[in-house]
Every structure is written in C-alpha cells, then in structure tokens.
$ cat model04.cif   # mmCIF, C-alpha atoms and all ligand atoms
data_my_file
#
loop_
_atom_site.group_PDB
_atom_site.id
_atom_site.type_symbol
_atom_site.label_atom_id
_atom_site.label_comp_id
_atom_site.auth_asym_id
_atom_site.auth_seq_id
_atom_site.Cartn_x
_atom_site.Cartn_y
_atom_site.Cartn_z
ATOM 1 C CA MET A 737 3.754 -16.948 -17.360
ATOM 2 C CA SER A 738 3.900 -18.452 -13.837
ATOM 3 C CA GLN A 739 1.852 -16.753 -11.167
ATOM 4 C CA LYS A 740 3.570 -14.008 -9.204
ATOM 5 C CA LYS A 741 3.733 -14.362 -5.409
ATOM 6 C CA VAL A 742 2.614 -11.287 -3.469
ATOM 7 C CA ALA A 743 3.536 -10.338 0.105
ATOM 8 C CA ILE A 744 1.313 -7.659 1.671
ATOM 9 C CA LEU A 745 2.554 -5.504 4.562
ATOM 10 C CA ILE A 746 0.010 -3.987 6.942
ATOM 11 C CA SER A 747 -0.107 -2.155 10.258
ATOM 12 C CA GLY A 748 -3.844 -1.986 10.990
ATOM 13 C CA GLY A 749 -7.268 -3.175 9.845
ATOM 14 C CA GLY A 750 -5.998 -4.137 6.400
ATOM 15 C CA SER A 751 -9.040 -3.194 4.334
ATOM 16 C CA ASN A 752 -6.780 -2.646 1.330
ATOM 17 C CA MET A 753 -5.112 -6.010 1.992
ATOM 18 C CA VAL A 754 -8.532 -7.708 2.007
ATOM 19 C CA SER A 755 -9.456 -6.129 -1.317
ATOM 20 C CA LEU A 756 -6.164 -7.365 -2.771
ATOM 21 C CA LEU A 757 -6.691 -10.907 -1.428
ATOM 22 C CA ASP A 758 -10.235 -11.000 -2.802
ATOM 23 C CA SER A 759 -8.988 -9.933 -6.245
ATOM 24 C CA MET A 760 -6.295 -12.609 -6.670
ATOM 25 C CA THR A 761 -8.482 -15.412 -8.043
ATOM 26 C CA GLY A 762 -9.168 -17.172 -11.356
ATOM 27 C CA ASP A 763 -6.962 -15.946 -14.200
ATOM 28 C CA HIS A 764 -5.358 -13.223 -12.075
ATOM 29 C CA PRO A 765 -1.585 -13.501 -12.659
ATOM 30 C CA ALA A 766 -0.740 -13.308 -8.934
ATOM 31 C CA ARG A 767 -1.527 -15.017 -5.650
ATOM 32 C CA PRO A 768 -0.893 -13.919 -2.058
ATOM 33 C CA CYS A 769 1.976 -15.686 -0.265
ATOM 34 C CA LEU A 770 2.160 -13.692 2.996
ATOM 35 C CA VAL A 771 0.525 -10.978 5.076
ATOM 36 C CA LEU A 772 3.112 -9.385 7.371
ATOM 37 C CA SER A 773 2.596 -6.761 10.067
ATOM 38 C CA ASN A 774 4.790 -4.703 12.408
ATOM 39 C CA ASN A 775 1.848 -4.751 14.835
ATOM 40 C CA ALA A 776 0.763 -8.002 16.538
ATOM 41 C CA ASP A 777 -2.648 -6.408 17.197
ATOM 42 C CA ALA A 778 -3.300 -5.517 13.555
ATOM 43 C CA GLY A 779 -6.890 -6.517 12.773
ATOM 44 C CA GLY A 780 -5.850 -7.484 9.260
ATOM 45 C CA LEU A 781 -3.876 -10.485 10.531
ATOM 46 C CA ALA A 782 -7.033 -12.376 11.566
ATOM 47 C CA LYS A 783 -8.681 -11.516 8.228
ATOM 48 C CA ALA A 784 -5.675 -12.881 6.334
ATOM 49 C CA ALA A 785 -5.589 -16.067 8.431
ATOM 50 C CA ALA A 786 -9.344 -16.543 7.864
ATOM 51 C CA ALA A 787 -8.635 -16.306 4.127
ATOM 52 C CA GLY A 788 -6.014 -19.053 4.464
ATOM 53 C CA VAL A 789 -3.034 -16.768 3.848
ATOM 54 C CA ALA A 790 0.188 -17.207 5.850
ATOM 55 C CA THR A 791 0.803 -14.394 8.329
ATOM 56 C CA ALA A 792 3.802 -13.116 10.271
ATOM 57 C CA VAL A 793 4.546 -10.353 12.759
ATOM 58 C CA VAL A 794 7.810 -8.466 13.225
ATOM 59 C CA ASP A 795 7.206 -5.918 15.977
ATOM 60 C CA HIS A 796 9.229 -2.752 15.391
ATOM 61 C CA ARG A 797 9.156 -1.662 19.017
ATOM 62 C CA PRO A 798 11.974 -3.884 20.426
ATOM 63 C CA PHE A 799 14.318 -2.255 17.890
ATOM 64 C CA ALA A 800 13.729 1.196 19.435
ATOM 65 C CA GLY A 801 14.408 3.295 16.374
ATOM 66 C CA ASP A 802 17.171 1.122 14.901
ATOM 67 C CA ARG A 803 15.464 0.949 11.512
ATOM 68 C CA GLU A 804 18.130 -1.203 9.901
ATOM 69 C CA ALA A 805 17.926 -3.842 12.642
ATOM 70 C CA PHE A 806 14.126 -3.924 12.415
ATOM 71 C CA GLU A 807 14.227 -4.214 8.619
ATOM 72 C CA ALA A 808 16.829 -7.012 8.761
ATOM 73 C CA GLU A 809 14.157 -9.034 10.635
ATOM 74 C CA LEU A 810 11.220 -7.711 8.611
ATOM 75 C CA VAL A 811 12.706 -8.863 5.306
ATOM 76 C CA LYS A 812 13.181 -12.488 6.451
ATOM 77 C CA PRO A 813 9.554 -13.752 6.153
ATOM 78 C CA VAL A 814 9.216 -11.887 2.832
ATOM 79 C CA ILE A 815 12.236 -13.731 1.432
ATOM 80 C CA GLU A 816 11.169 -17.039 2.993
ATOM 81 C CA ALA A 817 7.728 -16.714 1.394
ATOM 82 C CA GLY A 818 9.414 -16.225 -1.998
ATOM 83 C CA ALA A 819 7.594 -12.971 -2.719
ATOM 84 C CA ASP A 820 8.004 -11.588 -6.234
ATOM 85 C CA ILE A 821 5.990 -8.444 -5.454
ATOM 86 C CA VAL A 822 5.572 -6.547 -2.154
ATOM 87 C CA CYS A 823 2.428 -4.470 -1.566
ATOM 88 C CA LEU A 824 2.428 -1.913 1.264
ATOM 89 C CA ALA A 825 -1.192 -1.533 2.354
ATOM 90 C CA GLY A 826 -1.682 0.722 5.338
ATOM 91 C CA PHE A 827 1.868 -0.073 6.429
ATOM 92 C CA MET A 828 2.807 2.768 8.724
ATOM 93 C CA ARG A 829 6.590 2.451 9.084
ATOM 94 C CA VAL A 830 8.982 4.471 6.945
ATOM 95 C CA LEU A 831 11.329 2.081 5.143
ATOM 96 C CA THR A 832 14.994 2.892 4.573
ATOM 97 C CA ALA A 833 16.658 2.895 1.162
ATOM 98 C CA GLY A 834 18.379 -0.334 2.234
ATOM 99 C CA PHE A 835 15.091 -2.209 2.496
ATOM 100 C CA VAL A 836 13.487 -0.552 -0.531
ATOM 101 C CA SER A 837 16.487 -1.261 -2.782
ATOM 102 C CA GLN A 838 15.986 -5.031 -2.247
ATOM 103 C CA PHE A 839 12.582 -4.695 -3.955
ATOM 104 C CA GLU A 840 13.231 -1.850 -6.390
ATOM 105 C CA GLY A 841 10.739 -2.046 -9.246
ATOM 106 C CA ARG A 842 8.548 -4.631 -7.487
ATOM 107 C CA MET A 843 7.227 -2.886 -4.376
ATOM 108 C CA LEU A 844 3.959 -0.920 -4.465
ATOM 109 C CA ASN A 845 2.228 1.418 -2.029
ATOM 110 C CA ILE A 846 -1.142 3.072 -1.855
ATOM 111 C CA HIS A 847 -1.229 6.647 -0.631
ATOM 112 C CA PRO A 848 -4.442 8.566 0.137
ATOM 113 C CA SER A 849 -3.828 11.629 -2.037
ATOM 114 C CA LEU A 850 -3.390 12.576 -5.694
ATOM 115 C CA LEU A 851 0.425 12.492 -5.655
ATOM 116 C CA PRO A 852 2.566 14.452 -5.995
ATOM 117 C CA LYS A 853 0.178 16.495 -3.806
ATOM 118 C CA TYR A 854 0.174 15.883 -0.051
ATOM 119 C CA LYS A 855 2.998 13.430 0.529
ATOM 120 C CA GLY A 856 3.116 12.254 4.151
ATOM 121 C CA LEU A 857 0.300 12.280 6.671
ATOM 122 C CA HIS A 858 -3.084 13.978 7.219
ATOM 123 C CA THR A 859 -3.766 14.134 3.494
ATOM 124 C CA HIS A 860 -7.539 14.572 3.725
ATOM 125 C CA ALA A 861 -7.356 17.494 6.168
ATOM 126 C CA ARG A 862 -4.716 19.135 3.955
ATOM 127 C CA ALA A 863 -6.879 18.808 0.841
ATOM 128 C CA LEU A 864 -9.820 20.371 2.707
ATOM 129 C CA GLU A 865 -7.657 23.189 4.083
ATOM 130 C CA ALA A 866 -6.436 23.893 0.546
ATOM 131 C CA GLY A 867 -10.026 24.070 -0.725
ATOM 132 C CA ASP A 868 -9.378 21.419 -3.385
ATOM 133 C CA GLY A 869 -12.373 20.528 -5.542
ATOM 134 C CA GLU A 870 -11.153 16.982 -5.985
ATOM 135 C CA HIS A 871 -9.006 14.514 -4.042
ATOM 136 C CA GLY A 872 -8.214 10.833 -4.278
ATOM 137 C CA CYS A 873 -5.588 8.110 -3.960
ATOM 138 C CA THR A 874 -2.494 6.933 -5.762
ATOM 139 C CA VAL A 875 -0.717 3.610 -6.179
ATOM 140 C CA HIS A 876 2.968 4.078 -6.900
ATOM 141 C CA GLU A 877 6.188 2.125 -7.088
ATOM 142 C CA VAL A 878 8.127 2.506 -3.848
ATOM 143 C CA THR A 879 11.504 4.209 -4.134
ATOM 144 C CA PRO A 880 13.794 5.465 -1.355
ATOM 145 C CA ARG A 881 12.089 8.907 -1.361
ATOM 146 C CA LEU A 882 8.829 8.801 0.638
ATOM 147 C CA ASP A 883 5.611 8.767 -1.444
ATOM 148 C CA ASP A 884 7.618 9.648 -4.542
ATOM 149 C CA GLY A 885 7.944 6.712 -6.964
ATOM 150 C CA PRO A 886 6.487 6.280 -10.485
ATOM 151 C CA ILE A 887 2.682 6.510 -10.428
ATOM 152 C CA LEU A 888 0.882 3.285 -11.432
ATOM 153 C CA GLY A 889 -2.675 4.453 -10.870
ATOM 154 C CA GLN A 890 -4.930 7.132 -9.468
ATOM 155 C CA ALA A 891 -8.591 7.418 -8.494
ATOM 156 C CA ARG A 892 -10.355 10.762 -8.072
ATOM 157 C CA VAL A 893 -13.295 11.763 -5.885
ATOM 158 C CA PRO A 894 -15.137 15.094 -5.605
ATOM 159 C CA VAL A 895 -14.666 17.142 -2.417
ATOM 160 C CA LEU A 896 -18.028 18.254 -1.025
ATOM 161 C CA GLU A 897 -18.745 21.444 0.911
ATOM 162 C CA SER A 898 -19.979 19.309 3.787
ATOM 163 C CA ASP A 899 -16.865 17.125 3.905
ATOM 164 C CA THR A 900 -14.833 16.528 7.027
ATOM 165 C CA PRO A 901 -11.506 14.660 6.948
ATOM 166 C CA ASP A 902 -13.409 11.525 7.985
ATOM 167 C CA THR A 903 -16.127 11.742 5.318
ATOM 168 C CA LEU A 904 -13.518 12.487 2.671
ATOM 169 C CA ALA A 905 -11.294 9.621 3.861
ATOM 170 C CA ALA A 906 -14.246 7.237 3.670
ATOM 171 C CA ARG A 907 -15.003 8.292 0.072
ATOM 172 C CA VAL A 908 -11.335 7.867 -0.883
ATOM 173 C CA LEU A 909 -11.092 4.475 0.822
ATOM 174 C CA VAL A 910 -13.870 3.105 -1.394
ATOM 175 C CA GLN A 911 -11.756 4.039 -4.406
ATOM 176 C CA GLU A 912 -8.586 2.600 -2.829
ATOM 177 C CA HIS A 913 -10.302 -0.788 -2.720
ATOM 178 C CA LEU A 914 -10.975 -0.538 -6.452
ATOM 179 C CA LEU A 915 -7.696 1.026 -7.538
ATOM 180 C CA TYR A 916 -5.151 -1.154 -5.749
ATOM 181 C CA PRO A 917 -6.504 -4.484 -7.128
ATOM 182 C CA ALA A 918 -6.725 -2.989 -10.630
ATOM 183 C CA VAL A 919 -3.126 -1.788 -10.468
ATOM 184 C CA LEU A 920 -1.789 -5.042 -8.970
ATOM 185 C CA ARG A 921 -3.461 -7.137 -11.681
ATOM 186 C CA ARG A 922 -1.933 -5.000 -14.420
ATOM 187 C CA PHE A 923 1.485 -4.783 -12.686
ATOM 188 C CA ALA A 924 1.645 -8.557 -12.086
ATOM 189 C CA ALA A 925 1.011 -9.050 -15.815
ATOM 190 C CA GLY A 926 4.032 -6.851 -16.559
ATOM 191 C CA ASP A 927 2.009 -3.832 -17.667
ATOM 192 C CA LYS A 928 2.934 -0.512 -16.017
ATOM 193 C CA THR A 929 0.381 1.582 -17.948
ATOM 194 C CA PRO A 930 -1.185 3.793 -15.252
ATOM 195 C CA VAL A 931 -4.744 2.938 -14.186
ATOM 196 C CA GLN A 932 -7.045 5.987 -14.074
ATOM 197 C CA LEU A 933 -10.360 5.649 -12.226
ATOM 198 C CA ARG A 934 -12.886 8.556 -12.613
HETATM 199 C C1 LIG B 1001 -5.764 3.882 4.043
HETATM 200 O O1 LIG B 1001 -6.324 5.175 4.079
HETATM 201 C C2 LIG B 1001 -4.588 3.890 3.084
HETATM 202 O O2 LIG B 1001 -4.688 4.929 2.131
HETATM 203 C C3 LIG B 1001 -3.414 4.148 3.962
HETATM 204 O O3 LIG B 1001 -3.708 3.406 5.146
HETATM 205 C C4 LIG B 1001 -5.125 3.569 5.409
HETATM 206 C C5 LIG B 1001 -5.691 2.350 6.067
HETATM 207 O O4 LIG B 1001 -5.590 1.276 5.168
HETATM 208 N N1 LIG B 1001 -2.215 3.741 3.319
HETATM 209 P P1 LIG B 1001 -6.110 -0.220 5.528
HETATM 210 O O5 LIG B 1001 -7.597 -0.125 5.849
HETATM 211 O O6 LIG B 1001 -5.322 -0.691 6.728
HETATM 212 O O7 LIG B 1001 -5.853 -0.977 4.272
#

$ encode --input "model04.cif" --output "structure tokens" --more "lines below"
Ligand code: GRF
Amino acid sequence: MSQKKVAILISGGGSNMVSLLDSMTGDHPARPCLVLSNNADAGGLAKAAAAGVATAVVDHRPFAGDREAFEAELVKPVIEAGADIVCLAGFMRVLTAGFVSQFEGRMLNIHPSLLPKYKGLHTHARALEAGDGEHGCTVHEVTPRLDDGPILGQARVPVLESDTPDTLAARVLVQEHLLYPAVLRRFAAGDKTPVQLR
C-alpha cells in the first residue's frame, strides 16, 4: 500500500500537530504533506517548517464571516498538496458541511472531552462543574455536525479534587499526544477499530 499523505490544520501552538509529525516515520503508513493554519501567527507553523514540512496560511479574517468564501481558499493548498487524509489539530474554525463533505470519511479531529459529552468549548471546566470522576479526549471522524462523527479513539484521565481547568487540560493534553498518533497510524492503515487508552 502506498503511503497516505496527511494535511494537518492548526490555529495555535500545534502541540498535537508536532506529535503527529513525530509519529510519521519508519513503517508508518502515512507522511505529512502540509501544515495549514488560518492564523499567520500560529506557533505551530515555525515548528512544522523546522521539521521540513510545507506550510501555508489562509487567514479567515479578510472573509469577515463568509465561511464559504474562506473555505474555498482554505481547500486549495490541501488539494494542491494531494492530501489523502486531513487532521484537524487545534483548528479553531467551524467548518461548513460544504468543506467537510469534500473529505467525508478521511478527515479527523481531536476534541478534549469524552464525546459525546461536552461538545463545543470549555470542556474541562464543564467536566469539573459536573463533578465527573474521569475526563479525557476523543479522536473522531469529522462530519457536518460539530464534534459528532464516528469515534476512532478515546483516552481517559482521572479528575482530581485539586484540579482546575488548567491542571485538567494539561493532563488531558498529555493523552492527546499519545492518542492522536495511535489513531492516525491505525486509520492510515485502513483500520477503524477504536483505540482505547487507559
Ligand atoms: C488541545 O486541547 C486540543 O484538544 C484542542 O486544541 C487544543 C490545543 O491543541 N483541539 P494544540 O496544542 O494546538 O495541538
């Protein structure tokens, strides 16, 4: 099987993107072909360039809320790079069904909760407010409904009495960096069996 080409979309520091880049070596069935951000100041862009991966920026701000116009530009470098798989990794723009449908079945996202709990934002604070004994992260296939696609992997962490949203987020992030590479390796090999960590 030929290696799959992976485009990774980021908006910030890209710690998940870095863990994915670091994992795609040796007999891994995929290689990165692009790191793309909606934010020219995203710290992840320099990390990708330092790793020798092509980067691109499509700033969403000039499109002032015209999501379709922004996405018509955003999709171009992904197509040009010949991506087989798209990984959203800390990408903070909501994508329309029009964009998602172009990658149905081959676009992944990592979300910092045990979906289907806590779709959307502020997941760690919500888990604490709910008094949950455990929390975690999920990698799922992206479908037009936000944070709703088939689950490809989950990692669980205990919630401690002393936790704040920041301490909980930090514990989850460690697991994100383990889960996403494990899921991508399996997914790129054509295996959709969910990965369960912990
Ligand atoms: C992470 O918490 C991830 O769950 C969410 O974006 C946050 C930052 O990710 N999707 P990264 O460090 O930019 O990869």

$ closest_residue --input "model04.cif" --among "A:Phe923, A:Phe827, A:Tyr854, A:Phe799" --to "Val771 in chain A" --atoms "all atoms listed in the file"
A:Phe827

$ resolve_selection --input "model04.cif" --expression "the PyMOL selection byres (((chain A and resi 915-921) around 8) and not hetatm)" --output "number ranges by chain"
A: 752, 755-756, 759-760, 764-766, 846, 875, 888-891, 911-914, 922-925, 930-931, 933

$ resolve_selection --input "model04.cif" --expression "the PyMOL selection byres (((chain A and resi 899) around 12) and not hetatm)" --output "ChimeraX atom specification"
/A:860-861,863-865,867-871,893-898,900-908

$ resolve_selection --input "model04.cif" --expression "the PyMOL selection byres (((not hetatm)) within 7 of (chain B and resi 1001))" --output "VMD selection string"
chain A and resid 746 to 753 825 to 827 846 to 848 873 905 909 912

$ closest_residue --input "model04.cif" --among "A:Val742, A:Leu810, A:Val754, A:Val822" --to "Ala785 in chain A" --atoms "all atoms listed in the file"
A:Val754

$ closest_residue --input "model04.cif" --among "A:Thr879, A:Leu851, A:Pro798, A:Ala817" --to "Phe835 in chain A" --atoms "only C-alpha atoms"
A:Thr879

$ closest_residue --input "model04.cif" --among "A:His796, A:Arg842, A:Lys853, A:Lys740" --to "Val830 in chain A" --atoms "all atoms listed in the file"
A:His796

$ atom_distance --input "model04.cif" --atom1 "CA of Gly926 in chain A" --atom2 "CA of Thr832 in chain A"
25.7 Å

$ atom_distance --input "model04.cif" --atom1 "CA of Ser849 in chain A" --atom2 "CA of Met828 in chain A"
15.4 Å

$ atom_distance --input "model04.cif" --atom1 "CA of Asn774 in chain A" --atom2 "CA of Gln838 in chain A"
18.4 Å

$ closest_residue --input "model04.cif" --among "A:Leu824, A:Ala778, A:Leu831, A:Ile744" --to "Ala790 in chain A" --atoms "all atoms listed in the file"
A:Ile744

$ closest_residue --input "model04.cif" --among "A:Ala743, A:Val878, A:Leu857, A:Ile821" --to "Ala792 in chain A" --atoms "all atoms listed in the file"
A:Ala743

$ build_atoms --input "model04.cif" --residues "range 817-841 of chain A" --atoms "N, CA, C and O atoms" --output "short mmCIF file (atom, residue, chain, number, x, y, z; two decimals), in the frame of the given file"
data_model
loop_
_atom_site.label_atom_id
_atom_site.label_comp_id
_atom_site.auth_asym_id
_atom_site.auth_seq_id
_atom_site.Cartn_x
_atom_site.Cartn_y
_atom_site.Cartn_z
N ALA A 817 8.99 -16.45 2.11
CA ALA A 817 7.73 -16.71 1.39
C ALA A 817 7.93 -16.69 -0.12
O ALA A 817 7.01 -16.99 -0.88
N GLY A 818 9.09 -16.26 -0.56
CA GLY A 818 9.41 -16.23 -2.00
C GLY A 818 8.65 -15.16 -2.75
O GLY A 818 8.30 -15.32 -3.92
N ALA A 819 8.40 -14.02 -2.08
CA ALA A 819 7.59 -12.97 -2.72
C ALA A 819 8.30 -12.39 -3.95
O ALA A 819 9.48 -12.04 -3.90
N ASP A 820 7.51 -12.27 -5.03
CA ASP A 820 8.00 -11.59 -6.23
C ASP A 820 7.65 -10.10 -6.18
O ASP A 820 8.35 -9.26 -6.74
N ILE A 821 6.51 -9.81 -5.54
CA ILE A 821 5.99 -8.44 -5.45
C ILE A 821 5.64 -8.17 -3.99
O ILE A 821 5.13 -9.06 -3.29
N VAL A 822 5.94 -6.96 -3.51
CA VAL A 822 5.57 -6.55 -2.15
C VAL A 822 4.58 -5.40 -2.26
O VAL A 822 4.83 -4.42 -2.99
N CYS A 823 3.44 -5.54 -1.59
CA CYS A 823 2.43 -4.47 -1.57
C CYS A 823 2.34 -3.90 -0.16
O CYS A 823 2.00 -4.61 0.79
N LEU A 824 2.64 -2.60 0.00
CA LEU A 824 2.43 -1.91 1.26
C LEU A 824 0.98 -1.47 1.28
O LEU A 824 0.52 -0.80 0.33
N ALA A 825 0.25 -1.84 2.30
CA ALA A 825 -1.19 -1.53 2.35
C ALA A 825 -1.56 -1.08 3.76
O ALA A 825 -1.84 -1.88 4.63
N GLY A 826 -1.48 0.21 3.99
CA GLY A 826 -1.68 0.72 5.34
C GLY A 826 -0.53 0.35 6.25
O GLY A 826 -0.67 0.18 7.44
N PHE A 827 0.65 0.22 5.66
CA PHE A 827 1.87 -0.07 6.43
C PHE A 827 2.44 1.26 6.88
O PHE A 827 2.77 2.11 6.03
N MET A 828 2.56 1.43 8.21
CA MET A 828 2.81 2.77 8.72
C MET A 828 4.23 3.00 9.22
O MET A 828 4.48 3.88 10.05
N ARG A 829 5.19 2.20 8.75
CA ARG A 829 6.59 2.45 9.08
C ARG A 829 7.31 2.97 7.85
O ARG A 829 7.12 2.44 6.74
N VAL A 830 8.15 3.98 8.05
CA VAL A 830 8.98 4.47 6.94
C VAL A 830 10.12 3.48 6.72
O VAL A 830 10.76 3.04 7.69
N LEU A 831 10.32 3.08 5.48
CA LEU A 831 11.33 2.08 5.14
C LEU A 831 12.58 2.79 4.63
O LEU A 831 12.50 3.76 3.88
N THR A 832 13.74 2.27 5.01
CA THR A 832 14.99 2.89 4.57
C THR A 832 15.29 2.49 3.13
O THR A 832 14.73 1.52 2.59
N ALA A 833 16.22 3.21 2.53
CA ALA A 833 16.66 2.90 1.16
C ALA A 833 17.21 1.47 1.10
O ALA A 833 17.06 0.78 0.08
N GLY A 834 17.81 1.01 2.21
CA GLY A 834 18.38 -0.33 2.23
C GLY A 834 17.33 -1.40 2.03
O GLY A 834 17.54 -2.35 1.25
N PHE A 835 16.17 -1.24 2.67
CA PHE A 835 15.09 -2.21 2.50
C PHE A 835 14.47 -2.06 1.11
O PHE A 835 14.32 -3.03 0.37
N VAL A 836 14.17 -0.82 0.75
CA VAL A 836 13.49 -0.55 -0.53
C VAL A 836 14.30 -1.06 -1.72
O VAL A 836 13.77 -1.64 -2.66
N SER A 837 15.64 -0.89 -1.64
CA SER A 837 16.49 -1.26 -2.78
C SER A 837 16.43 -2.76 -3.05
O SER A 837 16.61 -3.20 -4.18
N GLN A 838 16.09 -3.58 -2.02
CA GLN A 838 15.99 -5.03 -2.25
C GLN A 838 14.78 -5.37 -3.12
O GLN A 838 14.68 -6.46 -3.67
N PHE A 839 13.81 -4.41 -3.20
CA PHE A 839 12.58 -4.70 -3.96
C PHE A 839 12.32 -3.64 -5.03
O PHE A 839 11.20 -3.46 -5.48
N GLU A 840 13.38 -2.93 -5.40
CA GLU A 840 13.23 -1.85 -6.39
C GLU A 840 12.50 -2.37 -7.64
O GLU A 840 12.86 -3.43 -8.15
N GLY A 841 11.45 -1.65 -8.04
CA GLY A 841 10.74 -2.05 -9.25
C GLY A 841 9.69 -3.12 -9.02
O GLY A 841 8.99 -3.50 -9.94
#
